[in-house]
Amino acid sequence: MKIRAVVRGVGHYLPERVVENTEFEATLETTDEWIRARTGIERRHFAAQGETTSQLAIKAAEAALRDAGLEAGQIDAIVVATSTPDFTFPSVATMVQAGLGSTRGFAYDVQAVCAGFIYALANTNGLIVSGQAERVLVIGAETFSRIMDWTDRGTCVLFGDGAGALVLEAANGAGSNADRGVLATDLHSDGRYRELLYVDGGVSTNGQAGHLRMQGNAVFKHAVQKLAETAHTALHKLGMTGEDVDWIVPHQANLRIISATAERMQVPMERVVVTVQDHGNTSAASIPLALSVGRDRGQIKTGDLIVTEAIGGGLAWGAVVLRW
């Protein structure tokens, strides 16, 4: 017997405001066609004035708890992946804990930018497998619209706001690849590439929130190579290949990256969950959002083998293999 971290519930939340590509045509030298052709993005959601990352996270968490048939008081830990917290401290996770009305367990944030949810999921798996928690709420939530430079057409059209959440629960498995739950993880980082994707502000530098800066072409090249490699590595740990995968649920950054990564993994696009056209890049929120939407669409079903991978600023990247 082996303890597995099994998905019991999933949910997501998107802000009400939908921003179509055409809105950018009034202020930037860009077009709907240009954005679609280069990114696959058609629209994204922006948080309302005063709507915070923790508020998005709470709504996604409530949806996941409903789906799991659980109350907040039955959760042992809350892990939130975000790069856009409400405050420098306290953590978004503790604010979610309070917002859900829970006074038990522990809560903390994980920061690995767009790879944040992969890191949080691997972390959550560790908590459950080690016996430190039986049920964990793991959330990705972002308000990237707050750190955009609206004069930079290369970045501001890419990102959106949103949140997704999973409830993971300890369950006994046989210790085989047929078990439900997290089966393998693979994490990496390389701080030499900081200049490729970063925010030019911070507490100990200039005391400002700053704006996102990105060298798009360089990030693209690293993404395609590293995402395919980390997915292969995670599968290799199980003696599996892309042929065994039912669904790839990738970080939703750019349709060209998603397609190129799937091709390298020799998985057809018919077995890839794609939501980037409707949400844009929601950073750490994109994978749980895509998992929730994919389940709601009827794509992801119990027993399906899923590979999910992401890369973000750091650079930080990784993959998780799980059976739904």
# chains A, B, ... in the order shown; residues from 1 in each chain; ligands from 1

call {"tool": "select_by_dssp", "arguments": {"residues": "segment 152-320 of chain A", "states": "helix (DSSP H, G or I)", "output": "PDB file with C-alpha atoms, in the first residue's frame"}}
result
ATOM      1  CA  GLY A 191      18.528  31.686 -11.753  1.00  0.00           C
ATOM      2  CA  ARG A 192      20.961  32.696 -14.492  1.00  0.00           C
ATOM      3  CA  TYR A 193      18.006  33.557 -16.722  1.00  0.00           C
ATOM      4  CA  ARG A 194      16.373  36.163 -14.485  1.00  0.00           C
ATOM      5  CA  GLU A 195      16.619  38.913 -17.105  1.00  0.00           C
ATOM      6  CA  LEU A 196      14.430  36.975 -19.554  1.00  0.00           C
ATOM      7  CA  GLY A 216       9.594  36.905 -25.565  1.00  0.00           C
ATOM      8  CA  ASN A 217      11.652  35.095 -28.195  1.00  0.00           C
ATOM      9  CA  ALA A 218      14.194  33.827 -25.669  1.00  0.00           C
ATOM     10  CA  VAL A 219      11.475  32.656 -23.277  1.00  0.00           C
ATOM     11  CA  PHE A 220       9.744  30.834 -26.153  1.00  0.00           C
ATOM     12  CA  LYS A 221      12.893  28.853 -27.000  1.00  0.00           C
ATOM     13  CA  HIS A 222      13.523  27.861 -23.392  1.00  0.00           C
ATOM     14  CA  ALA A 223       9.852  26.971 -22.876  1.00  0.00           C
ATOM     15  CA  VAL A 224       9.499  24.502 -25.734  1.00  0.00           C
ATOM     16  CA  GLN A 225      12.698  22.659 -24.864  1.00  0.00           C
ATOM     17  CA  LYS A 226      12.354  22.623 -21.091  1.00  0.00           C
ATOM     18  CA  LEU A 227       8.633  21.805 -20.958  1.00  0.00           C
ATOM     19  CA  ALA A 228       8.975  18.740 -23.182  1.00  0.00           C
ATOM     20  CA  GLU A 229      12.053  17.587 -21.243  1.00  0.00           C
ATOM     21  CA  THR A 230      10.481  17.920 -17.802  1.00  0.00           C
ATOM     22  CA  ALA A 231       7.305  16.131 -18.937  1.00  0.00           C
ATOM     23  CA  HIS A 232       9.385  13.286 -20.398  1.00  0.00           C
ATOM     24  CA  THR A 233      11.425  13.081 -17.190  1.00  0.00           C
ATOM     25  CA  ALA A 234       8.338  12.852 -14.976  1.00  0.00           C
ATOM     26  CA  LEU A 235       6.856  10.143 -17.218  1.00  0.00           C
ATOM     27  CA  HIS A 236      10.177   8.286 -17.369  1.00  0.00           C
ATOM     28  CA  GLY A 242       3.550  10.313 -24.175  1.00  0.00           C
ATOM     29  CA  GLU A 243       1.567   7.409 -25.649  1.00  0.00           C
ATOM     30  CA  ASP A 244       0.271   6.573 -22.163  1.00  0.00           C
ATOM     31  CA  LEU A 255      -0.779  28.435 -28.250  1.00  0.00           C
ATOM     32  CA  ARG A 256       2.440  28.115 -30.245  1.00  0.00           C
ATOM     33  CA  ILE A 257       4.343  26.940 -27.145  1.00  0.00           C
ATOM     34  CA  ILE A 258       1.532  24.519 -26.272  1.00  0.00           C
ATOM     35  CA  SER A 259       1.491  23.067 -29.802  1.00  0.00           C
ATOM     36  CA  ALA A 260       5.275  22.781 -30.076  1.00  0.00           C
ATOM     37  CA  THR A 261       5.539  21.065 -26.690  1.00  0.00           C
ATOM     38  CA  ALA A 262       2.793  18.572 -27.574  1.00  0.00           C
ATOM     39  CA  GLU A 263       4.552  17.796 -30.855  1.00  0.00           C
ATOM     40  CA  ARG A 264       7.822  17.096 -29.045  1.00  0.00           C
ATOM     41  CA  MET A 269      -3.513  18.358 -29.971  1.00  0.00           C
ATOM     42  CA  GLU A 270      -6.798  16.448 -29.631  1.00  0.00           C
ATOM     43  CA  ARG A 271      -5.424  15.250 -26.276  1.00  0.00           C
ATOM     44  CA  VAL A 276      -5.558  30.172 -23.544  1.00  0.00           C
ATOM     45  CA  GLN A 277      -7.928  31.607 -26.157  1.00  0.00           C
ATOM     46  CA  ASP A 278     -10.443  32.598 -23.464  1.00  0.00           C
ATOM     47  CA  HIS A 279      -8.234  33.369 -20.453  1.00  0.00           C
ATOM     48  CA  SER A 283       0.337  32.601 -14.596  1.00  0.00           C
ATOM     49  CA  ALA A 284       0.015  30.292 -11.571  1.00  0.00           C
ATOM     50  CA  ALA A 285      -3.764  30.171 -12.036  1.00  0.00           C
ATOM     51  CA  SER A 286      -3.667  28.783 -15.574  1.00  0.00           C
ATOM     52  CA  ILE A 287      -3.208  25.073 -14.847  1.00  0.00           C
ATOM     53  CA  PRO A 288      -5.879  24.703 -12.134  1.00  0.00           C
ATOM     54  CA  LEU A 289      -8.173  26.849 -14.293  1.00  0.00           C
ATOM     55  CA  ALA A 290      -7.576  24.537 -17.253  1.00  0.00           C
ATOM     56  CA  LEU A 291      -8.082  21.428 -15.109  1.00  0.00           C
ATOM     57  CA  SER A 292     -11.408  22.782 -13.856  1.00  0.00           C
ATOM     58  CA  VAL A 293     -12.595  23.877 -17.301  1.00  0.00           C
ATOM     59  CA  GLY A 294     -11.399  20.614 -18.858  1.00  0.00           C
ATOM     60  CA  ARG A 295     -13.372  18.628 -16.288  1.00  0.00           C
ATOM     61  CA  ASP A 296     -16.461  20.807 -16.807  1.00  0.00           C
ATOM     62  CA  ARG A 297     -16.206  20.330 -20.592  1.00  0.00           C
TER      63      ARG A 297
END

call {"tool": "select_by_dssp", "arguments": {"residues": "segment 1-227 of chain A", "states": "strand (DSSP E or B)", "output": "VMD selection string"}}
result
chain A and resid 2 to 13 17 to 20 43 to 46 77 to 81 106 to 110 135 to 143 159 161 to 173 181 to 189 197 to 199 212 to 214

call {"tool": "closest_residue", "arguments": {"among": "A:Met214, A:Val96, A:Val10, A:Met265", "to": "Asp67 of chain A", "atoms": "only C-alpha atoms"}}
result
A:Val10

call {"tool": "closest_residue", "arguments": {"among": "A:Val113, A:Ala61, A:Ile3, A:Ile78", "to": "Thr143 of chain A", "atoms": "only C-alpha atoms"}}
result
A:Val113

call {"tool": "closest_atom_pairs", "arguments": {"of": "segment 7-93 of chain A", "to": "segment 200-205 of chain A", "cutoff": "12 Å", "atoms": "only C-alpha atoms", "output": "tab-separated table"}}
result
residue	atom	partner	partner_atom	distance
A:Ser83	CA	A:Gly202	CA	11.5
A:Thr84	CA	A:Gly202	CA	11.5
A:Phe87	CA	A:Val203	CA	10.9
A:Thr88	CA	A:Val203	CA	7.9
A:Phe89	CA	A:Val203	CA	11.1

call {"tool": "write_last_selection", "arguments": {"atoms": "N, CA and C atoms", "output": "short mmCIF file (atom, residue, chain, number, x, y, z; two decimals), in the first residue's frame"}}
result
data_model
loop_
_atom_site.label_atom_id
_atom_site.label_comp_id
_atom_site.auth_asym_id
_atom_site.auth_seq_id
_atom_site.Cartn_x
_atom_site.Cartn_y
_atom_site.Cartn_z
N SER A 83 2.10 35.19 -7.67
CA SER A 83 3.16 36.20 -7.74
C SER A 83 2.59 37.60 -7.59
N THR A 84 1.27 37.67 -7.37
CA THR A 84 0.59 38.96 -7.25
C THR A 84 -0.25 38.99 -5.96
N PHE A 87 -0.83 41.77 -0.39
CA PHE A 87 0.14 42.53 0.42
C PHE A 87 1.49 41.83 0.39
N THR A 88 2.54 42.55 0.78
CA THR A 88 3.84 41.91 0.96
C THR A 88 3.71 40.77 1.97
N PHE A 89 3.02 41.01 3.07
CA PHE A 89 2.55 39.97 3.97
C PHE A 89 1.35 40.51 4.69
#

call {"tool": "residues_around", "arguments": {"residues": "segment 97-103 of chain A", "least_positions_apart": "6", "cutoff": "9 Å", "atoms": "only C-alpha atoms", "output": "PDB file with C-alpha atoms, in the first residue's frame"}}
result
ATOM      1  CA  SER A  54      -7.241  36.610  -2.309  1.00  0.00           C
ATOM      2  CA  GLN A  55     -10.852  37.302  -3.290  1.00  0.00           C
ATOM      3  CA  ILE A  58     -11.531  32.366  -2.087  1.00  0.00           C
ATOM      4  CA  ALA A  61     -11.646  27.525  -3.250  1.00  0.00           C
ATOM      5  CA  GLU A  62     -15.357  27.641  -2.428  1.00  0.00           C
ATOM      6  CA  GLU A  71     -16.468  22.195   4.452  1.00  0.00           C
ATOM      7  CA  ALA A  72     -13.507  24.520   5.007  1.00  0.00           C
ATOM      8  CA  GLY A  73     -13.125  23.153   8.543  1.00  0.00           C
ATOM      9  CA  GLN A  74     -12.255  19.742   7.106  1.00  0.00           C
ATOM     10  CA  ILE A  75      -9.149  21.105   5.344  1.00  0.00           C
ATOM     11  CA  ALA A  77      -3.703  22.994   4.922  1.00  0.00           C
ATOM     12  CA  ILE A  78      -4.039  25.683   2.247  1.00  0.00           C
TER      13      ILE A  78
END

call {"tool": "closest_atom_pairs", "arguments": {"of": "segment 114-213 of chain A", "to": "segment 16-28 of chain A", "cutoff": "12 Å", "atoms": "only C-alpha atoms", "output": "Markdown table"}}
result
| residue | atom | partner | partner_atom | distance |
| --- | --- | --- | --- | --- |
| A:Ser145 | CA | A:Val19 | CA | 11.1 |
| A:Asp149 | CA | A:Leu28 | CA | 11.4 |
| A:Trp150 | CA | A:Leu28 | CA | 8.3 |
| A:Thr151 | CA | A:Leu28 | CA | 6.9 |
| A:Asp152 | CA | A:Leu28 | CA | 8.1 |
| A:Arg153 | CA | A:Leu28 | CA | 6.4 |
| A:Gly154 | CA | A:Leu28 | CA | 10.2 |
| A:Thr155 | CA | A:Leu28 | CA | 11.5 |
| A:Cys156 | CA | A:Phe24 | CA | 9.1 |
| A:Val157 | CA | A:Phe24 | CA | 7.5 |
| A:Leu158 | CA | A:Asn21 | CA | 9.8 |
| A:Phe159 | CA | A:Val19 | CA | 10.6 |
| A:Gly160 | CA | A:Val19 | CA | 8.9 |
| A:Asp161 | CA | A:Arg17 | CA | 9.8 |
| A:Gly162 | CA | A:Glu16 | CA | 10.0 |

call {"tool": "write_last_selection", "arguments": {"atoms": "N, CA and C atoms", "output": "PDB file, in the first residue's frame"}}
result
ATOM      1  N   SER A 145      -3.017  41.772 -14.211  1.00  0.00           N
ATOM      2  CA  SER A 145      -3.370  43.070 -14.804  1.00  0.00           C
ATOM      3  C   SER A 145      -2.820  44.231 -13.978  1.00  0.00           C
ATOM      4  N   ASP A 149       2.607  46.855 -18.047  1.00  0.00           N
ATOM      5  CA  ASP A 149       2.955  48.139 -18.671  1.00  0.00           C
ATOM      6  C   ASP A 149       2.063  48.254 -19.899  1.00  0.00           C
ATOM      7  N   TRP A 150       1.068  49.122 -19.827  1.00  0.00           N
ATOM      8  CA  TRP A 150       0.050  49.177 -20.876  1.00  0.00           C
ATOM      9  C   TRP A 150       0.546  49.823 -22.163  1.00  0.00           C
ATOM     10  N   THR A 151       1.814  50.235 -22.176  1.00  0.00           N
ATOM     11  CA  THR A 151       2.404  50.753 -23.419  1.00  0.00           C
ATOM     12  C   THR A 151       3.237  49.692 -24.128  1.00  0.00           C
ATOM     13  N   ASP A 152       3.412  48.527 -23.494  1.00  0.00           N
ATOM     14  CA  ASP A 152       4.246  47.464 -24.058  1.00  0.00           C
ATOM     15  C   ASP A 152       3.351  46.413 -24.705  1.00  0.00           C
ATOM     16  N   ARG A 153       3.204  46.502 -26.026  1.00  0.00           N
ATOM     17  CA  ARG A 153       2.282  45.593 -26.710  1.00  0.00           C
ATOM     18  C   ARG A 153       2.775  44.142 -26.692  1.00  0.00           C
ATOM     19  N   GLY A 154       4.069  43.941 -26.415  1.00  0.00           N
ATOM     20  CA  GLY A 154       4.607  42.591 -26.385  1.00  0.00           C
ATOM     21  C   GLY A 154       4.252  41.803 -25.138  1.00  0.00           C
ATOM     22  N   THR A 155       3.779  42.498 -24.097  1.00  0.00           N
ATOM     23  CA  THR A 155       3.435  41.802 -22.858  1.00  0.00           C
ATOM     24  C   THR A 155       1.993  42.043 -22.400  1.00  0.00           C
ATOM     25  N   CYS A 156       1.503  43.259 -22.518  1.00  0.00           N
ATOM     26  CA  CYS A 156       0.226  43.573 -21.863  1.00  0.00           C
ATOM     27  C   CYS A 156      -0.972  42.855 -22.482  1.00  0.00           C
ATOM     28  N   VAL A 157      -0.830  42.389 -23.727  1.00  0.00           N
ATOM     29  CA  VAL A 157      -1.938  41.685 -24.374  1.00  0.00           C
ATOM     30  C   VAL A 157      -1.968  40.211 -23.994  1.00  0.00           C
ATOM     31  N   LEU A 158      -0.946  39.747 -23.291  1.00  0.00           N
ATOM     32  CA  LEU A 158      -0.801  38.309 -23.049  1.00  0.00           C
ATOM     33  C   LEU A 158      -1.506  37.812 -21.794  1.00  0.00           C
ATOM     34  N   PHE A 159      -1.659  38.685 -20.796  1.00  0.00           N
ATOM     35  CA  PHE A 159      -2.004  38.196 -19.462  1.00  0.00           C
ATOM     36  C   PHE A 159      -3.443  38.510 -19.064  1.00  0.00           C
ATOM     37  N   GLY A 160      -3.944  37.678 -18.153  1.00  0.00           N
ATOM     38  CA  GLY A 160      -5.275  37.862 -17.601  1.00  0.00           C
ATOM     39  C   GLY A 160      -5.289  37.490 -16.135  1.00  0.00           C
ATOM     40  N   ASP A 161      -6.436  37.657 -15.500  1.00  0.00           N
ATOM     41  CA  ASP A 161      -6.608  37.384 -14.076  1.00  0.00           C
ATOM     42  C   ASP A 161      -7.551  36.197 -13.887  1.00  0.00           C
ATOM     43  N   GLY A 162      -7.373  35.486 -12.780  1.00  0.00           N
ATOM     44  CA  GLY A 162      -8.258  34.357 -12.490  1.00  0.00           C
ATOM     45  C   GLY A 162      -7.700  33.501 -11.374  1.00  0.00           C
TER      46      GLY A 162
END

call {"tool": "residues_around", "arguments": {"residues": "segment 306-318 of chain A", "least_positions_apart": "3", "cutoff": "7 Å", "atoms": "only C-alpha atoms", "output": "PyMOL selection string"}}
result
chain A and resi 112-115+118+186-191+193-194+197-198+223+227+230-231+245-251+321-323
